[in-house]
Every structure is written in C-alpha cells, then in structure tokens.
$ cat entry.cif   # mmCIF, C-alpha atoms and all ligand atoms
data_entry
loop_
_atom_site.label_atom_id
_atom_site.label_comp_id
_atom_site.auth_asym_id
_atom_site.auth_seq_id
_atom_site.Cartn_x
_atom_site.Cartn_y
_atom_site.Cartn_z
CA MET A 1 7.91 -4.14 22.62
CA PRO A 2 8.92 -0.83 21.02
CA THR A 3 6.43 2.02 20.66
CA PRO A 4 4.70 1.55 17.31
CA ALA A 5 5.16 4.39 14.86
CA VAL A 6 3.72 5.62 11.59
CA TYR A 7 5.60 8.19 9.52
CA GLY A 8 4.23 9.96 6.48
CA ASN A 9 6.74 10.68 3.74
CA TRP A 10 5.29 13.50 1.68
CA LYS A 11 8.15 13.33 -0.86
CA MET A 12 8.17 16.25 -3.33
CA ASN A 13 4.49 17.05 -2.84
CA LEU A 14 2.52 19.87 -1.18
CA ASP A 15 3.63 23.50 -1.24
CA VAL A 16 3.62 25.40 2.03
CA VAL A 17 -0.07 26.35 1.87
CA GLU A 18 -1.13 22.79 1.09
CA ALA A 19 1.21 21.45 3.80
CA ILE A 20 -0.33 23.73 6.44
CA HIS A 21 -3.79 22.64 5.35
CA LEU A 22 -2.97 18.93 5.64
CA THR A 23 -1.39 19.47 9.07
CA GLN A 24 -4.50 21.26 10.30
CA GLN A 25 -6.71 18.49 8.93
CA LEU A 26 -4.63 15.91 10.80
CA GLY A 27 -5.07 18.00 13.94
CA VAL A 28 -8.86 17.90 13.57
CA LEU A 29 -8.89 14.12 13.01
CA ARG A 30 -6.55 13.47 15.90
CA ARG A 31 -8.73 15.50 18.25
CA ARG A 32 -11.84 13.71 17.05
CA SER A 33 -10.30 10.25 17.24
CA PRO A 34 -7.23 10.33 19.51
CA LEU A 35 -4.43 7.82 19.05
CA GLU A 36 -3.15 6.44 22.30
CA HIS A 37 -0.30 4.09 21.51
CA VAL A 38 1.20 5.05 18.22
CA GLU A 39 3.80 7.72 17.52
CA VAL A 40 2.92 9.63 14.36
CA GLY A 41 5.35 11.70 12.33
CA VAL A 42 5.29 13.60 9.06
CA ALA A 43 8.20 14.32 6.73
CA PRO A 44 7.32 17.37 4.60
CA PRO A 45 9.64 18.90 1.99
CA PHE A 46 12.35 21.09 3.59
CA VAL A 47 10.60 24.34 2.63
CA ASP A 48 7.45 23.33 4.52
CA LEU A 49 9.13 22.26 7.75
CA ARG A 50 9.00 25.60 9.50
CA SER A 51 5.28 26.14 8.86
CA VAL A 52 4.23 22.57 9.58
CA GLY A 53 6.24 22.69 12.82
CA SER A 54 4.59 25.96 13.86
CA VAL A 55 1.04 24.71 13.23
CA ASN A 56 1.85 21.44 14.96
CA GLU A 57 3.02 23.30 18.04
CA ALA A 58 0.43 26.07 18.09
CA ASP A 59 -2.47 23.62 17.72
CA ARG A 60 -0.81 20.98 19.96
CA ILE A 61 -1.28 18.31 17.32
CA GLY A 62 1.50 16.10 18.64
CA LEU A 63 3.13 15.05 15.37
CA VAL A 64 6.82 14.23 15.30
CA LEU A 65 8.43 16.53 12.76
CA CYS A 66 10.65 14.54 10.37
CA ALA A 67 12.88 15.37 7.42
CA GLN A 68 13.18 13.33 4.22
CA HIS A 69 16.95 13.65 3.91
CA VAL A 70 19.96 15.48 5.38
CA ASN A 71 23.52 16.11 4.28
CA GLU A 72 26.13 14.01 6.08
CA HIS A 73 28.48 16.96 6.73
CA GLU A 74 28.24 19.46 9.54
CA SER A 75 28.28 22.59 7.36
CA GLY A 76 30.12 24.12 4.43
CA ALA A 77 30.24 24.38 0.66
CA PHE A 78 27.51 21.93 -0.32
CA THR A 79 25.22 23.91 -2.58
CA GLY A 80 21.60 22.92 -2.32
CA GLU A 81 22.05 20.78 0.78
CA VAL A 82 20.67 21.11 4.32
CA SER A 83 22.51 20.31 7.56
CA LEU A 84 21.31 18.46 10.62
CA ALA A 85 21.79 21.53 12.85
CA MET A 86 19.45 23.48 10.56
CA LEU A 87 16.81 20.79 10.90
CA GLU A 88 17.21 20.56 14.66
CA ARG A 89 16.66 24.28 14.92
CA LEU A 90 13.26 23.79 13.27
CA GLY A 91 12.26 21.10 15.74
CA VAL A 92 12.96 18.11 13.50
CA ARG A 93 13.36 14.96 15.58
CA ALA A 94 13.69 12.22 12.99
CA VAL A 95 15.23 11.93 9.53
CA ILE A 96 14.57 9.39 6.79
CA VAL A 97 17.95 8.10 5.63
CA GLY A 98 18.70 6.15 2.48
CA HIS A 99 15.22 6.09 0.97
CA SER A 100 15.39 4.00 -2.21
CA GLU A 101 14.61 7.10 -4.29
CA ARG A 102 17.75 8.80 -2.85
CA ARG A 103 19.78 5.65 -3.42
CA ARG A 104 18.53 5.10 -6.96
CA LEU A 105 18.14 8.64 -8.32
CA TYR A 106 20.82 10.56 -6.38
CA GLY A 107 23.62 8.05 -6.03
CA MET A 108 23.32 7.55 -2.29
CA ASP A 109 25.51 4.48 -1.75
CA ASP A 110 25.90 2.32 1.36
CA ALA A 111 28.87 4.35 2.64
CA LEU A 112 26.91 7.59 2.39
CA VAL A 113 23.91 6.00 4.07
CA ALA A 114 26.19 4.85 6.90
CA SER A 115 27.79 8.25 7.47
CA THR A 116 24.40 9.98 7.36
CA VAL A 117 22.89 7.53 9.84
CA ALA A 118 25.90 8.09 12.11
CA ARG A 119 25.41 11.86 11.93
CA VAL A 120 21.67 11.72 12.66
CA ALA A 121 21.61 9.01 15.31
CA GLY A 122 24.84 10.29 16.89
CA ALA A 123 23.17 13.67 17.45
CA GLY A 124 20.28 12.03 19.28
CA LEU A 125 17.73 12.28 16.48
CA ARG A 126 15.95 9.22 15.15
CA ALA A 127 17.35 7.85 11.91
CA ILE A 128 14.66 6.04 9.92
CA VAL A 129 16.90 3.85 7.80
CA CYS A 130 15.33 2.48 4.62
CA VAL A 131 16.31 -0.89 3.20
CA GLY A 132 14.71 -3.13 0.63
CA GLU A 133 15.31 -5.27 -2.43
CA ASP A 134 14.22 -4.63 -6.01
CA ALA A 135 12.10 -6.98 -8.11
CA GLU A 136 15.13 -8.67 -9.66
CA VAL A 137 16.67 -9.56 -6.30
CA ARG A 138 13.29 -10.79 -5.08
CA ALA A 139 12.89 -12.97 -8.19
CA SER A 140 16.29 -14.55 -7.52
CA GLY A 141 15.32 -15.37 -3.93
CA GLY A 142 18.17 -13.31 -2.50
CA GLU A 143 16.07 -10.67 -0.73
CA GLU A 144 16.97 -11.58 2.83
CA ALA A 145 20.72 -11.68 2.22
CA PHE A 146 20.52 -8.42 0.27
CA VAL A 147 18.72 -6.54 3.04
CA ALA A 148 21.00 -8.04 5.70
CA GLU A 149 23.98 -6.67 3.77
CA GLN A 150 22.35 -3.22 3.54
CA LEU A 151 21.80 -3.27 7.31
CA ARG A 152 25.36 -4.32 8.10
CA ALA A 153 26.69 -1.55 5.86
CA ALA A 154 24.40 1.13 7.32
CA LEU A 155 24.52 0.20 10.99
CA GLY A 156 27.68 -1.86 11.51
CA GLY A 157 29.87 1.03 12.62
CA LEU A 158 27.49 2.93 14.89
CA THR A 159 28.77 4.19 18.22
CA GLU A 160 27.23 3.03 21.46
CA GLY A 161 25.40 6.33 21.91
CA ALA A 162 23.83 6.21 18.46
CA ARG A 163 22.55 2.66 18.64
CA GLY A 164 19.31 3.43 20.41
CA ASN A 165 18.24 6.01 17.84
CA VAL A 166 17.62 3.80 14.85
CA THR A 167 14.36 2.70 13.24
CA VAL A 168 14.50 0.36 10.25
CA ALA A 169 11.98 0.71 7.43
CA TYR A 170 11.74 -2.30 5.14
CA GLU A 171 10.55 -0.97 1.81
CA PRO A 172 10.73 -3.40 -1.13
CA LEU A 173 11.26 -1.27 -4.23
CA TRP A 174 8.65 -3.16 -6.22
CA ALA A 175 5.99 -2.14 -3.69
CA ILE A 176 6.79 1.58 -3.48
CA GLY A 177 4.22 3.73 -5.23
CA THR A 178 3.00 0.79 -7.29
CA GLY A 179 -0.19 -0.12 -5.47
CA VAL A 180 1.29 -3.63 -5.17
CA VAL A 181 1.66 -4.15 -1.46
CA ALA A 182 3.93 -6.96 -0.27
CA GLU A 183 2.11 -10.01 0.98
CA THR A 184 1.81 -10.26 4.73
CA ALA A 185 3.87 -13.45 4.76
CA GLN A 186 6.65 -11.78 2.72
CA VAL A 187 6.74 -8.86 5.16
CA ALA A 188 6.74 -11.16 8.17
CA ALA A 189 9.59 -13.29 6.75
CA GLN A 190 11.76 -10.31 5.84
CA ASN A 191 11.09 -8.66 9.20
CA HIS A 192 12.12 -11.81 10.98
CA SER A 193 15.34 -11.89 9.00
CA ILE A 194 15.93 -8.16 9.73
CA ARG A 195 15.55 -8.80 13.44
CA VAL A 196 18.12 -11.61 13.26
CA THR A 197 20.59 -9.23 11.59
CA LEU A 198 19.88 -6.47 14.11
CA ASP A 199 20.50 -8.98 16.86
CA GLU A 200 23.80 -9.94 15.30
CA LEU A 201 24.71 -6.22 15.22
CA GLY A 202 23.68 -5.84 18.87
CA LEU A 203 20.91 -3.43 17.96
CA GLU A 204 17.35 -3.17 19.10
CA ALA A 205 15.28 -1.14 16.71
CA PRO A 206 11.65 -0.89 15.67
CA VAL A 207 11.06 -2.38 12.21
CA LEU A 208 8.53 -0.68 9.96
CA TYR A 209 7.12 -1.67 6.60
CA GLY A 210 6.66 0.70 3.67
CA GLY A 211 5.31 0.28 0.15
CA SER A 212 1.73 0.95 -0.93
CA VAL A 213 0.41 0.97 2.64
CA SER A 214 -3.22 2.07 2.69
CA PRO A 215 -6.22 2.03 5.04
CA GLU A 216 -7.31 -1.15 3.24
CA ASN A 217 -4.21 -3.22 4.01
CA ALA A 218 -2.79 -1.58 7.17
CA ALA A 219 -4.75 -3.57 9.74
CA GLU A 220 -3.78 -6.98 8.35
CA LEU A 221 -0.13 -5.97 7.92
CA ALA A 222 -0.02 -4.59 11.44
CA ARG A 223 -1.61 -7.71 12.88
CA GLU A 224 0.19 -10.40 10.94
CA GLY A 225 3.24 -8.78 9.37
CA ALA A 226 5.17 -8.55 12.67
CA VAL A 227 5.80 -4.84 12.06
CA ASP A 228 6.18 -2.02 14.54
CA GLY A 229 4.46 0.43 12.22
CA PHE A 230 4.67 1.93 8.74
CA LEU A 231 6.42 4.41 6.50
CA VAL A 232 3.65 5.72 4.27
CA GLY A 233 4.04 7.61 0.99
CA GLY A 234 0.99 8.23 -1.20
CA ALA A 235 -1.64 7.61 1.48
CA SER A 236 0.04 10.14 3.80
CA LEU A 237 -0.96 12.97 1.46
CA ARG A 238 -4.63 12.50 2.37
CA ALA A 239 -5.52 13.26 5.99
CA GLU A 240 -8.33 10.73 6.31
CA ALA A 241 -6.32 7.91 4.74
CA PHE A 242 -3.21 8.64 6.81
CA HIS A 243 -5.17 8.86 10.01
CA ALA A 244 -6.93 5.58 9.19
CA VAL A 245 -3.53 3.86 8.81
CA CYS A 246 -2.45 5.29 12.18
CA ARG A 247 -5.77 4.19 13.68
CA ALA A 248 -5.22 0.61 12.44
CA VAL A 249 -1.80 0.44 14.12
CA ASP A 250 -3.14 2.00 17.31
CA ASP A 251 -6.03 -0.49 17.49
CA CYS A 252 -3.75 -3.42 16.77
CA TYR A 253 -1.34 -2.40 19.50
CA ALA A 254 -4.17 -1.82 21.97
CA SER A 255 -5.59 -5.31 21.34
CA THR A 256 -2.23 -7.08 21.78
CA ARG A 257 -1.55 -5.50 25.17
P1 LIG B 1 4.14 4.54 -1.03
O1 LIG B 1 5.62 5.07 -0.65
O2 LIG B 1 3.39 4.39 0.26
O3 LIG B 1 3.56 5.62 -1.90
O4 LIG B 1 4.31 3.25 -1.73
C1 LIG B 1 6.30 4.56 0.46
C2 LIG B 1 7.66 5.21 0.58
O5 LIG B 1 8.30 5.46 -0.44
O6 LIG B 1 8.11 5.47 1.70
#

$ encode --input "entry.cif" --output "structure tokens"
Amino acid sequence: MPTPAVYGNWKMNLDVVEAIHLTQQLGVLRRRSPLEHVEVGVAPPFVDLRSVGSVNEADRIGLVLCAQHVNEHESGAFTGEVSLAMLERLGVRAVIVGHSERRRLYGMDDALVASTVARVAGAGLRAIVCVGEDAEVRASGGEEAFVAEQLRAALGGLTEGARGNVTVAYEPLWAIGTGVVAETAQVAAQNHSIRVTLDELGLEAPVLYGGSVSPENAAELAREGAVDGFLVGGASLRAEAFHAVCRAVDDCYASTR
C-alpha cells in the first residue's frame, strides 16, 4: 500500500503575503491535530515558493513543497519559463505535470507531458501526472480508454530510474472547480482501470483523485473510491478545509491498517 498523499494546488491564487499566512495557519492546525499517515504537499505559485519553503522549514511544518508546472528543457531561451534545477534549489520535491488547465489553455499536448514527466521523475522528484476525461468523453462512455491512452502517452517511455517517482492524479474535467464531485463508484471504476494500465506499463504508482474535493466528500471518497489521496484545488486555499481533507485521509488510512 503506498503512502497516502494530499496535495493542494493553489493555482493562480494568493500573493506572497497571503501564501505565508496560509502556510502558518496550516502549521498551527498540524500542531494541534497531527497527521500520522498522510503526506501533505502544497503547490503555490512560483513567486511564493521561496517564502512558503522558508516558513515551512523554520516552523518545521512538514509540508512537501510542490510546483504547479515546470519547463521540459534544462535551461535556455524560454522567456517566462522556470527550470527544474531552479525549483530544486528552492526545495521543491514534487511537480504537477499536465494539469488539464495547462493542457487546455496552454497547449500542453501528450508529447510535452511525457517529456516533462521524464525530466521531473528522471531527476528524482515526484511527478504528479494529471489525467482525466471531459464531459463529452464521459457521455460517450469512452472515459476509461481515453485515460488509459493519456497514461500510455505520458508514462510509456519512462526510464527504469524514473518509474518509481510517479503519482497519477485522476481529475475528470467536468469535476474541476465545478462543485460537482465525481460519484464514488465512478472514481473507483476509473481508478481500477488506471491501475490495470499502470500494471501493463510495469509501473506502481499512487493514484489520487481531484475535482471538487472538500471536507464534506473526502471521507467517503477516501474510504470507497479506492484512492491513495487527493489533489485539491479550491478547498486547499482555506487552511481549515484543507486540513480537514488531510484529516479524513489520515483517519481512513489509520482505520484500514
Ligand atoms: P478543485 O480543483 O478542487 O477546485 O476542483 C482540483 C484541481 O484542479 O486540481
């Protein structure tokens, strides 16, 4: 059983002062109600990483520092982009790769997702690889085949050394930021199918769910959705809500041991 994990994707929210404040609040909650089994990470905007990392270390909060994106190249003339070495220098240990917003709004195709995953996982950082179907694919019943294809494209060519550094996040597009969380049975079925594909690729990876996760639905999804944790957007911007999601996963894991 992999270590369960919850990662908060702050997206383009929280300036550096707000980011420090949220990190400190998480520190207070985690001291008051410690989490024993679950790994918790946050992915702030690039400009907040340094400060969030410093507070996390100084206050010994124990969060895994994550980035929301990284350029696939080592360095060079890529205006506006950030390299993996730059992130590593700031203590970043995991990177979200191929979030549907990057795929949809910034033209990140399967080939680019694959080369970015290879760069991140090959360097020993965790690549949190996002996959998921849109409403149209779901309506046609092709969601499992679609996600399997995304996984083969993203992970098919990974080197031996990179294979252990992958986490998959299943995030159906119709559930992201909509308040419409996928049904537990839908999550369980897709996660089963994802595990079959990972098996076929010779990969063992934790499988997370993302899309309108909240303190209200986290416990049931953790218990019955066959997930190893969550990638959380909106609810990760509020300390109490994010900690409650982490708490639900921690409790679920504790009771299944
Ligand atoms: P949401 O976002 O929790 O706000 O739906 C999830 C994500 O995009 O990772």

$ residues_near_ligand --input "entry.cif" --ligand "ligand LIG 1 (chain B)" --cutoff "6 Å" --atoms "only C-alpha atoms and all ligand atoms" --output "PDB file with C-alpha atoms, keeping the file's coordinate frame"
ATOM      1  CA  ASN A   9       6.740  10.680   3.740  1.00  0.00           C
ATOM      2  CA  ALA A 175       5.990  -2.140  -3.690  1.00  0.00           C
ATOM      3  CA  ILE A 176       6.790   1.580  -3.480  1.00  0.00           C
ATOM      4  CA  GLY A 177       4.220   3.730  -5.230  1.00  0.00           C
ATOM      5  CA  GLY A 210       6.660   0.700   3.670  1.00  0.00           C
ATOM      6  CA  GLY A 211       5.310   0.280   0.150  1.00  0.00           C
ATOM      7  CA  SER A 212       1.730   0.950  -0.930  1.00  0.00           C
ATOM      8  CA  VAL A 213       0.410   0.970   2.640  1.00  0.00           C
ATOM      9  CA  LEU A 231       6.420   4.410   6.500  1.00  0.00           C
ATOM     10  CA  VAL A 232       3.650   5.720   4.270  1.00  0.00           C
ATOM     11  CA  GLY A 233       4.040   7.610   0.990  1.00  0.00           C
ATOM     12  CA  GLY A 234       0.990   8.230  -1.200  1.00  0.00           C
TER      13      GLY A 234
END

$ residues_around --input "entry.cif" --residues "Asn13 of chain A" --least-positions-apart "6" --cutoff "9 Å" --atoms "all atoms listed in the file" --output "compact mmCIF listing (two decimals) with C-alpha atoms, in the frame of the given file"
# COMPACT_ATOMS: atom_id res chain seq x y z
CA ALA A 19 1.21 21.45 3.80
CA PRO A 44 7.32 17.37 4.60
CA PRO A 45 9.64 18.90 1.99
CA LEU A 237 -0.96 12.97 1.46

$ closest_residue --input "entry.cif" --among "A:Ala244, A:Ala85, A:Ala135, A:Ala58" --to "Val180 of chain A" --atoms "all atoms listed in the file"
A:Ala135

$ closest_atom_pairs --input "entry.cif" --of "segment 160-217 of chain A" --to "segment 249-252 of chain A" --cutoff "12 Å" --atoms "all atoms listed in the file" --output "CSV"
residue,atom,partner,partner_atom,distance
A:Leu208,CA,A:Val249,CA,11.2
A:Tyr209,CA,A:Val249,CA,11.9
A:Val213,CA,A:Val249,CA,11.7
A:Ser214,CA,A:Val249,CA,11.6
A:Pro215,CA,A:Val249,CA,10.2
A:Asn217,CA,A:Val249,CA,11.0

$ axis_aligned_box --input "entry.cif" --around "segment 144-158 of chain A" --padding-each-side "4 Å" --output "JSON"
{"center_x": 23.4, "center_y": -4.4, "center_z": 7.6, "size_x": 20.9, "size_y": 22.6, "size_z": 22.6}

$ residues_around --input "entry.cif" --residues "Arg126 of chain A" --least-positions-apart "3" --cutoff "10 Å" --atoms "only C-alpha atoms" --output "PyMOL selection string"
chain A and resi 66+92-97+117+120-123+129+162-167

$ atom_distance --input "entry.cif" --atom1 "atom CA of Ser115 of chain A" --atom2 "atom CA of Ala154 of chain A"
7.9 Å

$ closest_residue --input "entry.cif" --among "A:Leu173, A:Arg89, A:Val52, A:Leu63" --to "Arg103 of chain A" --atoms "only C-alpha atoms"
A:Leu173

$ residues_around --input "entry.cif" --residues "His243 of chain A" --least-positions-apart "5" --cutoff "8 Å" --atoms "all atoms listed in the file" --output "list in words"
Leu26, Leu29 and Arg30 of chain A

$ closest_residue --input "entry.cif" --among "A:Val227, A:Val42, A:Ala118, A:Leu158" --to "Ala189 of chain A" --atoms "all atoms listed in the file"
A:Val227

$ closest_residue --input "entry.cif" --among "A:Glu72, A:Glu133, A:Asp228, A:Asp48" --to "Cys246 of chain A" --atoms "only C-alpha atoms"
A:Asp228
